[in-house]
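**Student:** Structure supplied as coords20.cif; contents: mmCIF, C-alpha atoms.
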```cif
data_target
loop_
_atom_site.label_atom_id
_atom_site.label_comp_id
_atom_site.auth_asym_id
_atom_site.auth_seq_id
_atom_site.Cartn_x
_atom_site.Cartn_y
_atom_site.Cartn_z
CA MET A 40 7.75 9.03 5.07
CA GLY A 41 6.18 11.78 2.95
CA ILE A 42 3.66 9.28 1.65
CA ALA A 43 2.81 8.02 5.16
CA ASN A 44 2.30 11.66 6.21
CA SER A 45 0.03 12.30 3.24
CA VAL A 46 -2.10 9.27 4.14
CA LEU A 47 -2.41 10.43 7.73
CA GLU A 48 -3.26 14.00 6.69
CA ALA A 49 -6.00 12.63 4.44
CA VAL A 50 -7.41 10.61 7.35
CA ARG A 51 -7.47 13.68 9.60
CA THR A 52 -9.14 15.79 6.90
CA GLU A 53 -11.76 13.10 6.30
CA MET A 54 -12.45 12.65 10.02
CA GLY A 55 -13.37 16.33 10.21
CA LEU A 56 -16.37 15.41 8.03
CA HIS A 57 -17.53 12.58 10.30
CA PRO A 58 -18.00 13.94 13.82
CA GLY A 59 -18.76 11.40 16.52
CA THR A 60 -16.71 8.67 14.90
CA TYR A 61 -13.09 7.55 15.02
CA PRO A 62 -11.06 5.83 12.30
CA CYS A 63 -10.14 2.13 12.69
CA LYS A 64 -8.50 1.36 9.40
CA VAL A 65 -7.33 3.22 6.30
CA VAL A 66 -6.80 1.27 3.11
CA VAL A 67 -4.46 2.37 0.31
CA ARG A 68 -4.17 0.86 -3.13
CA ILE A 69 -0.64 0.53 -4.51
CA GLY A 70 0.25 -0.48 -8.04
CA GLU A 71 3.21 -2.79 -8.46
CA MET A 72 4.84 -0.13 -10.67
CA ALA A 73 4.34 2.65 -8.11
CA ALA A 74 7.79 2.26 -6.51
CA ILE A 75 6.37 1.97 -3.01
CA ASP A 76 7.91 -0.50 -0.59
CA GLN A 77 5.10 -1.85 1.59
CA ASP A 78 7.28 -2.60 4.60
CA ALA A 79 8.85 0.85 4.49
CA LEU A 80 5.42 2.48 4.25
CA ARG A 81 4.11 0.44 7.21
CA PHE A 82 7.19 1.26 9.26
CA CYS A 83 6.85 5.00 8.59
CA PHE A 84 3.12 4.93 9.20
CA GLU A 85 3.52 3.21 12.57
CA ALA A 86 6.27 5.66 13.51
CA ILE A 87 4.12 8.73 12.86
CA ILE A 88 1.00 7.45 14.64
CA HIS A 89 2.96 6.22 17.68
CA GLU A 90 1.74 7.93 20.88
CA THR A 91 -0.87 10.01 19.05
CA ASP A 92 -4.67 9.88 19.22
CA LEU A 93 -4.56 7.70 16.06
CA GLU A 94 -2.21 5.09 17.51
CA SER A 95 -4.75 2.28 17.00
CA LEU A 96 -5.32 3.13 13.32
CA GLU A 97 -4.62 0.16 11.10
CA LEU A 98 -3.07 0.54 7.63
CA GLY A 99 -4.40 -1.79 4.93
CA ILE A 100 -2.56 -2.18 1.62
CA GLU A 101 -4.13 -3.56 -1.56
CA VAL A 102 -1.64 -4.33 -4.32
CA CYS A 103 -2.74 -3.80 -7.94
CA PRO A 104 -1.00 -5.68 -10.75
CA ARG A 105 0.16 -4.00 -13.94
CA ARG A 106 -2.57 -4.37 -16.57
CA HIS A 107 -2.34 -3.65 -20.28
CA ARG A 108 -4.92 -3.40 -23.06
CA CYS A 109 -4.10 -4.62 -26.55
CA GLN A 110 -4.56 -1.90 -29.16
CA LEU A 111 -5.33 -4.44 -31.87
CA CYS A 112 -7.75 -6.92 -30.30
CA GLY A 113 -8.80 -5.02 -27.16
CA ARG A 114 -7.88 -7.84 -24.77
CA GLU A 115 -7.04 -6.69 -21.23
CA PHE A 116 -4.46 -8.74 -19.35
CA VAL A 117 -2.11 -8.79 -16.37
CA VAL A 118 1.55 -8.27 -17.28
CA ARG A 119 3.87 -10.83 -15.68
CA ASP A 120 7.68 -10.74 -15.79
CA TYR A 121 7.54 -7.54 -17.85
CA ASP A 122 6.09 -9.43 -20.80
CA SER A 123 3.67 -6.91 -22.27
CA ARG A 124 2.84 -8.97 -25.37
CA CYS A 125 -0.88 -9.62 -25.88
CA PRO A 126 -1.66 -13.23 -24.83
CA GLN A 127 -4.45 -13.40 -27.42
CA CYS A 128 -2.96 -12.00 -30.63
CA ALA A 129 0.75 -11.66 -29.65
CA SER A 130 0.80 -7.98 -30.58
CA LEU A 131 3.36 -5.75 -28.85
CA GLU A 132 1.11 -2.72 -29.34
CA THR A 133 -0.35 -2.71 -25.86
CA THR A 134 -0.88 0.19 -23.49
CA CYS A 135 -0.76 0.27 -19.73
CA ILE A 136 -4.15 0.84 -18.08
CA SER A 137 -3.26 0.28 -14.42
CA GLY A 138 -0.43 -0.63 -12.11
CA ASP A 139 1.01 2.71 -10.97
CA GLU A 140 -1.74 3.58 -8.49
CA LEU A 141 -1.00 5.31 -5.22
CA GLN A 142 -4.56 5.76 -4.16
CA LEU A 143 -6.54 6.20 -0.95
CA ALA A 144 -9.22 3.52 -1.22
CA TYR A 145 -11.41 3.79 1.87
CA LEU A 146 -11.57 4.43 5.58
CA GLU A 147 -13.35 2.32 8.18
CA VAL A 148 -14.87 4.38 10.98
CA GLU A 149 -16.64 3.43 14.20
CA GLU A 150 -18.99 5.51 16.30
CA TYR A 151 -17.77 6.52 19.72
CA GLY A 152 -19.42 4.44 22.45
CA SER A 153 -19.61 1.26 20.40
CA SER A 154 -17.71 -1.60 21.99
CA THR A 155 -14.52 -1.83 19.99
CA VAL A 156 -11.07 -2.37 21.39
CA GLY A 157 -8.62 0.40 20.72
CA ALA A 158 -11.08 3.29 20.79
CA LYS A 159 -9.53 6.44 22.17
CA SER A 160 -11.78 9.39 22.81
CA THR A 161 -10.48 12.72 21.64
CA GLN A 162 -13.55 14.63 22.70
CA MET B 200 -18.45 -0.17 11.39
CA ASP B 201 -18.92 2.18 8.44
CA ARG B 202 -16.84 2.26 5.33
CA VAL B 203 -16.11 5.73 3.91
CA PRO B 204 -14.89 5.68 0.30
CA LEU B 205 -11.93 7.99 -0.32
CA GLU B 206 -10.93 7.13 -3.93
CA ARG B 207 -8.36 9.83 -4.46
CA LYS B 208 -4.63 9.89 -4.92
CA VAL B 209 -2.46 9.76 -1.83
CA LEU B 210 -0.31 12.58 -3.19
CA SER B 211 -3.30 14.60 -4.41
CA GLU B 212 -1.93 17.84 -2.87
CA ASN B 213 1.38 17.40 -4.72
CA ASP B 214 -0.54 16.48 -7.88
CA ARG B 215 -2.69 19.61 -7.55
CA ILE B 216 0.35 21.91 -7.31
CA ALA B 217 2.08 19.99 -10.14
CA ALA B 218 -0.99 20.48 -12.35
CA GLU B 219 -0.95 24.23 -11.62
CA LEU B 220 2.75 24.38 -12.50
CA ARG B 221 2.13 22.42 -15.70
CA ALA B 222 -0.60 24.86 -16.72
CA ARG B 223 1.71 27.82 -16.04
CA PHE B 224 4.54 26.22 -18.04
CA GLN B 225 2.17 25.60 -20.93
CA ALA B 226 0.75 29.11 -20.81
CA HIS B 227 4.27 30.57 -21.05
CA GLY B 228 5.60 28.01 -23.52
CA VAL B 229 8.21 26.66 -21.09
CA LEU B 230 9.31 23.07 -21.71
CA CYS B 231 10.04 21.57 -18.30
CA LEU B 232 12.15 18.39 -18.07
CA ASN B 233 12.77 16.43 -14.86
CA LEU B 234 16.12 14.56 -14.76
CA ILE B 235 16.23 11.57 -12.42
CA SER B 236 18.96 9.04 -11.62
CA SER B 237 20.84 7.32 -8.81
CA PRO B 238 23.42 9.51 -7.04
CA GLY B 239 26.53 9.91 -9.19
CA SER B 240 25.11 8.76 -12.54
CA GLY B 241 26.06 12.03 -14.19
CA LYS B 242 23.01 14.33 -14.18
CA THR B 243 25.07 17.40 -13.33
CA SER B 244 27.73 16.53 -15.92
CA LEU B 245 25.04 16.11 -18.59
CA LEU B 246 23.62 19.52 -17.64
CA GLU B 247 27.09 21.08 -17.79
CA ARG B 248 27.63 19.77 -21.32
CA THR B 249 24.10 20.89 -22.26
CA LEU B 250 24.46 24.46 -20.99
CA GLU B 251 27.89 24.67 -22.62
CA ALA B 252 26.40 23.70 -25.99
CA LEU B 253 23.43 26.10 -25.90
CA PRO B 254 23.72 29.58 -27.40
CA PRO B 255 24.57 32.22 -24.74
CA ARG B 256 21.24 34.03 -25.06
CA ASP B 257 19.10 30.92 -24.94
CA ARG B 258 16.12 31.25 -22.60
CA VAL B 259 17.08 28.38 -20.30
CA ALA B 260 17.08 27.99 -16.52
CA VAL B 261 18.05 25.17 -14.17
CA LEU B 262 16.79 24.08 -10.77
CA THR B 263 19.06 21.55 -9.13
CA GLY B 264 18.11 19.52 -6.07
CA ASP B 265 20.30 18.00 -3.38
CA ILE B 266 19.92 17.09 0.25
CA GLN B 267 22.80 19.37 1.25
CA THR B 268 25.33 21.80 -0.34
CA GLU B 269 25.23 24.32 -3.20
CA ASN B 270 27.96 22.41 -5.09
CA ASP B 271 25.87 21.50 -8.14
CA ALA B 272 24.49 25.02 -8.58
CA ASN B 273 28.04 26.40 -8.35
CA ARG B 274 29.17 23.99 -11.08
CA LEU B 275 26.26 25.03 -13.32
CA LYS B 276 26.43 28.79 -12.71
CA ARG B 277 29.67 29.01 -14.74
CA PHE B 278 27.57 28.97 -17.91
CA HIS B 279 25.76 32.22 -17.07
CA PHE B 280 22.23 30.89 -17.27
CA PRO B 281 19.90 31.33 -14.27
CA VAL B 282 20.55 28.46 -11.86
CA LYS B 283 19.09 27.87 -8.43
CA GLN B 284 19.93 25.19 -5.90
CA ILE B 285 17.13 23.52 -3.95
CA THR B 286 18.51 21.98 -0.76
CA THR B 287 15.88 19.67 0.67
CA GLY B 288 17.53 19.29 4.09
CA GLY B 289 16.99 15.52 4.18
CA THR B 290 14.09 14.85 1.84
CA CYS B 291 15.14 12.32 -0.81
CA HIS B 292 13.15 13.87 -3.70
CA LEU B 293 11.91 17.22 -4.99
CA ASP B 294 8.19 17.95 -4.69
CA ALA B 295 5.97 20.36 -6.60
CA ARG B 296 5.81 22.89 -3.75
CA MET B 297 9.62 23.20 -3.73
CA ILE B 298 9.53 23.98 -7.46
CA GLU B 299 6.76 26.54 -7.00
CA ARG B 300 8.70 28.28 -4.22
CA HIS B 301 11.99 28.38 -6.10
CA LEU B 302 10.36 29.72 -9.27
CA ALA B 303 8.81 32.63 -7.38
CA ASP B 304 11.34 35.27 -8.43
CA TRP B 305 11.88 34.07 -12.02
CA ARG B 306 9.67 35.36 -14.84
CA LEU B 307 8.40 32.37 -16.81
CA GLU B 308 7.80 34.65 -19.80
CA ASP B 309 11.61 35.01 -20.05
CA LEU B 310 12.11 31.23 -20.36
CA ASP B 311 11.62 28.53 -23.01
CA LEU B 312 13.27 25.63 -21.20
CA LEU B 313 13.43 24.68 -17.53
CA LEU B 314 15.72 21.79 -16.63
CA ILE B 315 15.18 20.26 -13.21
CA GLU B 316 17.85 18.00 -11.72
CA ASN B 317 16.17 15.87 -9.07
CA VAL B 318 17.82 14.54 -5.92
CA GLY B 319 19.87 11.39 -6.72
CA ASN B 320 17.38 8.58 -6.07
CA LEU B 321 15.53 6.20 -8.40
CA VAL B 322 12.56 5.58 -6.10
CA CYS B 323 10.71 8.53 -4.55
CA PRO B 324 11.23 11.07 -7.39
CA SER B 325 9.09 8.81 -9.57
CA SER B 326 6.05 9.41 -7.32
CA TYR B 327 6.28 13.22 -7.11
CA GLY B 328 5.32 15.02 -10.31
CA LEU B 329 6.82 18.50 -10.69
CA GLY B 330 4.66 19.76 -13.56
CA GLU B 331 7.23 18.52 -16.06
CA ALA B 332 6.43 17.74 -19.71
CA ALA B 333 8.68 14.67 -19.48
CA LYS B 334 10.91 12.75 -17.12
CA ILE B 335 14.37 11.66 -18.26
CA VAL B 336 16.17 8.85 -16.45
CA VAL B 337 19.98 8.65 -16.50
CA LEU B 338 21.72 5.31 -15.91
CA SER B 339 25.52 5.06 -15.94
CA VAL B 340 27.42 2.04 -17.19
CA THR B 341 29.06 1.58 -13.77
CA GLU B 342 25.66 0.50 -12.43
CA GLY B 343 23.94 -2.82 -13.09
CA GLU B 344 22.23 -3.45 -16.43
CA ASP B 345 19.29 -4.92 -14.47
CA LYS B 346 18.44 -1.58 -12.84
CA PRO B 347 15.38 -1.03 -15.08
CA LEU B 348 13.98 -4.32 -13.71
CA LYS B 349 14.85 -3.47 -10.11
CA TYR B 350 13.41 0.05 -10.24
CA PRO B 351 10.74 -0.30 -12.94
CA SER B 352 8.61 2.68 -11.95
CA ILE B 353 11.00 5.41 -13.04
CA PHE B 354 11.90 3.64 -16.30
CA PHE B 355 8.21 3.14 -16.98
CA LYS B 356 7.38 6.81 -16.41
CA SER B 357 10.35 8.37 -18.24
CA ASP B 358 10.23 9.29 -21.93
CA LEU B 359 13.97 8.93 -22.42
CA LEU B 360 16.78 6.80 -21.00
CA VAL B 361 20.25 8.32 -21.17
CA LEU B 362 22.96 5.67 -20.73
CA SER B 363 25.89 7.72 -19.44
CA LYS B 364 29.66 7.30 -18.98
CA ILE B 365 29.93 5.10 -22.10
CA ASP B 366 33.66 5.98 -22.28
CA LEU B 367 34.05 3.47 -19.39
CA LEU B 368 32.52 0.56 -21.34
CA PRO B 369 35.90 -1.07 -22.14
CA TYR B 370 36.70 -1.23 -18.40
CA VAL B 371 33.43 -2.40 -16.84
CA PRO B 372 31.38 -5.60 -17.30
CA PHE B 373 28.28 -3.71 -18.43
CA ASP B 374 26.19 -5.19 -21.22
CA ILE B 375 24.71 -2.08 -22.82
CA GLU B 376 22.38 -4.02 -25.12
CA ALA B 377 21.00 -5.98 -22.13
CA ALA B 378 20.42 -2.69 -20.29
CA ALA B 379 18.51 -1.30 -23.29
CA GLU B 380 16.51 -4.51 -23.59
CA ASN B 381 15.62 -4.43 -19.87
CA ALA B 382 14.48 -0.81 -20.17
CA ARG B 383 12.26 -1.71 -23.13
CA LYS B 384 10.81 -4.68 -21.23
CA VAL B 385 9.57 -2.24 -18.61
CA HIS B 386 8.73 0.50 -21.13
CA PRO B 387 8.16 -0.84 -24.64
CA GLY B 388 9.39 1.59 -27.28
CA MET B 389 11.38 3.72 -24.81
CA GLU B 390 13.81 6.15 -26.44
CA ILE B 391 17.43 5.45 -25.47
CA LEU B 392 20.59 7.54 -25.99
CA LYS B 393 24.19 6.64 -25.17
CA VAL B 394 26.46 9.46 -24.08
CA SER B 395 29.82 10.23 -22.57
CA CYS B 396 30.21 13.65 -20.97
CA LEU B 397 33.96 13.04 -20.81
CA ASN B 398 34.82 12.33 -24.45
CA ARG B 399 31.54 13.87 -25.65
CA ASN B 400 30.40 10.88 -27.69
CA GLY B 401 26.65 10.88 -28.15
CA LEU B 402 26.18 14.44 -26.91
CA HIS B 403 25.15 15.56 -30.39
CA ASP B 404 22.28 13.03 -30.33
CA TRP B 405 21.23 14.30 -26.92
CA MET B 406 21.23 17.93 -28.10
CA MET B 407 19.22 16.86 -31.16
CA TRP B 408 16.68 15.09 -28.92
CA LEU B 409 16.41 18.19 -26.76
CA GLY B 410 16.05 20.42 -29.82
CA GLU B 411 13.31 18.19 -31.24
CA ARG B 412 11.41 18.24 -27.94
CA ARG B 413 11.63 22.04 -27.79
CA LYS B 414 10.42 22.36 -31.38
CA ALA B 415 7.59 19.90 -30.80
CA TYR B 416 6.49 21.66 -27.63
CA LYS B 417 5.75 25.04 -29.23
CA PRO B 418 2.81 24.13 -31.49
CA LEU B 419 1.19 22.39 -28.53
CA VAL B 420 1.20 25.67 -26.63
CA GLN B 421 -0.21 27.60 -29.59
CA GLN B 422 -2.99 25.05 -29.97
CA THR B 423 -4.02 25.27 -26.34
CA ALA B 424 -3.85 29.08 -26.43
CA SER B 425 -6.07 29.45 -29.50
#
```
Represent the structure from my file as structure tokens, please.
**Tutor:**
Amino acid sequence: MGIANSVLEAVRTEMGLHPGTYPCKVVVRIGEMAAIDQDALRFCFEAIIHETDLESLELGIEVCPRRHRCQLCGREFVVRDYDSRCPQCASLETTCISGDELQLAYLEVEEYGSSTVGAKSTQ
Amino acid sequence: MDRVPLERKVLSENDRIAAELRARFQAHGVLCLNLISSPGSGKTSLLERTLEALPPRDRVAVLTGDIQTENDANRLKRFHFPVKQITTGGTCHLDARMIERHLADWRLEDLDLLLIENVGNLVCPSSYGLGEAAKIVVLSVTEGEDKPLKYPSIFFKSDLLVLSKIDLLPYVPFDIEAAAENARKVHPGMEILKVSCLNRNGLHDWMMWLGERRKAYKPLVQQTAS
């Protein structure tokens, strides 16, 4: 719920910078190691936008796999089933380079007056 | 339709406050450790044994988080170190602002070590940094040995795994080596200690680990100050 609130706050802050438009969709990027349950996040997000001026705002979720880089040969690879061994040289000396993201990616906005379903004027 | 790039962390406000706290801890040479586990894994018991073993004048303080009650703080206050309870009133994790608020009337210059006991939960506490130098995850042998695989985030982000309640090993079907192996699958090279707060096995190793971390933290502060 705290995370859903933070996403919504970020949308409201950003919309202050884009007068004359309304937000259609906000996209977040979640790493598979970030301990975020997508369904729970969607449920909370829908609960907090219900019956507000942002009720039509869509939440998009992009999932990022856990990626490691081999310290010996430099190969970058996706870690599956917690196997962090380098697929090229079999070294176990690999470091995590992504997979714990909890990132705001982008926002899609539409100008007021354009013909899109779901637009609610707040002006 | 226009696309506006955001490209920042969802919890950037928490991260900002956590970074301020981390800078303050470093400036005052305070090692801050964040203890995380499921409810009932033995965080408070480990802190009791820790405070009991530290010299009476040690510069240590504890913040302990729960959804309701002051019970944990009352247990820990017996050792005469500064202890404060944070009751979150429903929130399932501590956040950086709660730490900032509860530190307000303590002087960081009087402390070397701040132990934070998070709310019992293996999920959300892993997302909210508190300015700590390290996270420590506690897993008791009455839980499943596959917990590191089920909740990888916290095992991935913690420096140390404390396997607790090892006095119960003869009575429970817990494969301690499998648990350690699962933790190291998620976090290769993770440090692991086995302790019992009841018969005190392994507590010496834990106090050694803590002592090493405290010793190792000091030069870091001097380097950044010079």
**Student:** I'd like the contact shell of segment 333-350 of chain B - 9 Å cut-off, only C-alpha atoms, skipping same-chain residues fewer than 2 positions apart - returned as a ChimeraX atom specification.
**Tutor:** /A:72,74,121 /B:230-237,239-242,321-322,325,330-331,352-368,371-379,381-385
**Student:** Considering all atoms listed in the file, extract the chain B residues located within 6 Å of chain A and return them as a PyMOL selection string.
**Tutor:** chain B and resi 200-209+322+352+384-385
**Student:** Record the distance separating atom CA of Pro238 of chain B and atom CA of Val261 of chain B, expressed in Å with one decimal.
**Tutor:**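 Between atom CA of Pro238 of chain B and atom CA of Val261 of chain B the gap is 18.0 Å.
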**Student:** Go ahead and compute the interatomic distance for atom CA of Arg106 of chain A and atom CA of Gln127 of chain A, in Å to one decimal.
**Tutor:** 14.2 Å
**Student:** For Gln77 of chain A, please output as a list in words all residues within 10 Å (counting all atoms listed in the file; exclusion window: fewer than 6 positions along the same chain).
**Tutor:**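 Close residues of Gln77 of chain A: Ile69, Cys83, Ile100, Glu101 and Val102 of chain A.
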**Student:** Just checking: using all atoms listed in the file, which residue out of B:Arg413, B:His403, B:Arg215, B:Arg258 ends up closest to Glu308 of chain B?
**Tutor:** B:Arg258
**Student:** At what distance in Å, to one decimal, does atom CA of Thr268 of chain B lie from atom CA of Thr286 of chain B?
**Tutor:**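 Computing the Euclidean distance for atom CA of Thr286 of chain B and atom CA of Thr268 of chain B yields 6.8 Å.
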**Student:** Report, as JSON, the centre and edge lengths in Å (one decimal) of the axis-aligned box enclosing every listed atom of segment 373-379 of chain B, padded by 5 Å on each side.
**Tutor:**
```
{"center_x": 23.4, "center_y": -3.6, "center_z": -21.8, "size_x": 19.8, "size_y": 14.7, "size_z": 16.7}
```
**Student:** List the residues sitting within 10 Å of (-3.9, -7.1, -15.2) in the file's frame, using all atoms listed in the file, as a short mmCIF file (atom, residue, chain, number, x, y, z; two decimals) with C-alpha atoms, in the frame of the given file.
**Tutor:**
```
data_model
loop_
_atom_site.label_atom_id
_atom_site.label_comp_id
_atom_site.auth_asym_id
_atom_site.auth_seq_id
_atom_site.Cartn_x
_atom_site.Cartn_y
_atom_site.Cartn_z
CA CYS A 103 -2.74 -3.80 -7.94
CA PRO A 104 -1.00 -5.68 -10.75
CA ARG A 105 0.16 -4.00 -13.94
CA ARG A 106 -2.57 -4.37 -16.57
CA HIS A 107 -2.34 -3.65 -20.28
CA ARG A 108 -4.92 -3.40 -23.06
CA GLU A 115 -7.04 -6.69 -21.23
CA PHE A 116 -4.46 -8.74 -19.35
CA VAL A 117 -2.11 -8.79 -16.37
CA VAL A 118 1.55 -8.27 -17.28
CA ARG A 119 3.87 -10.83 -15.68
CA CYS A 135 -0.76 0.27 -19.73
CA ILE A 136 -4.15 0.84 -18.08
CA SER A 137 -3.26 0.28 -14.42
CA GLY A 138 -0.43 -0.63 -12.11
#
```
**Student:** Check the smallest atom-to-atom distance from each of A:His89, A:Phe84, A:Ser130, A:Glu94 to Cys109 of chain A using all atoms listed in the file, then report the winner.
**Tutor:**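 Distance minimum relative to Cys109 of chain A lands on A:Ser130.
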**Student:** For the provided coordinates, the residues matched by the PyMOL selection byres ((chain B and resi 221-224) around 10) should be stated as a PyMOL selection string.
**Tutor:** chain B and resi 215-220+225-231+307-308+310-313+328-332+420
**Student:** Have a look at B:Ser244, B:Ser326, B:Thr249, B:Gln267 and name the one nearest to Asp404 of chain B; count all atoms listed in the file.
**Tutor:**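 Of B:Ser244, B:Ser326, B:Thr249, B:Gln267, the one nearest Asp404 of chain B is B:Thr249, counting all atoms listed in the file.
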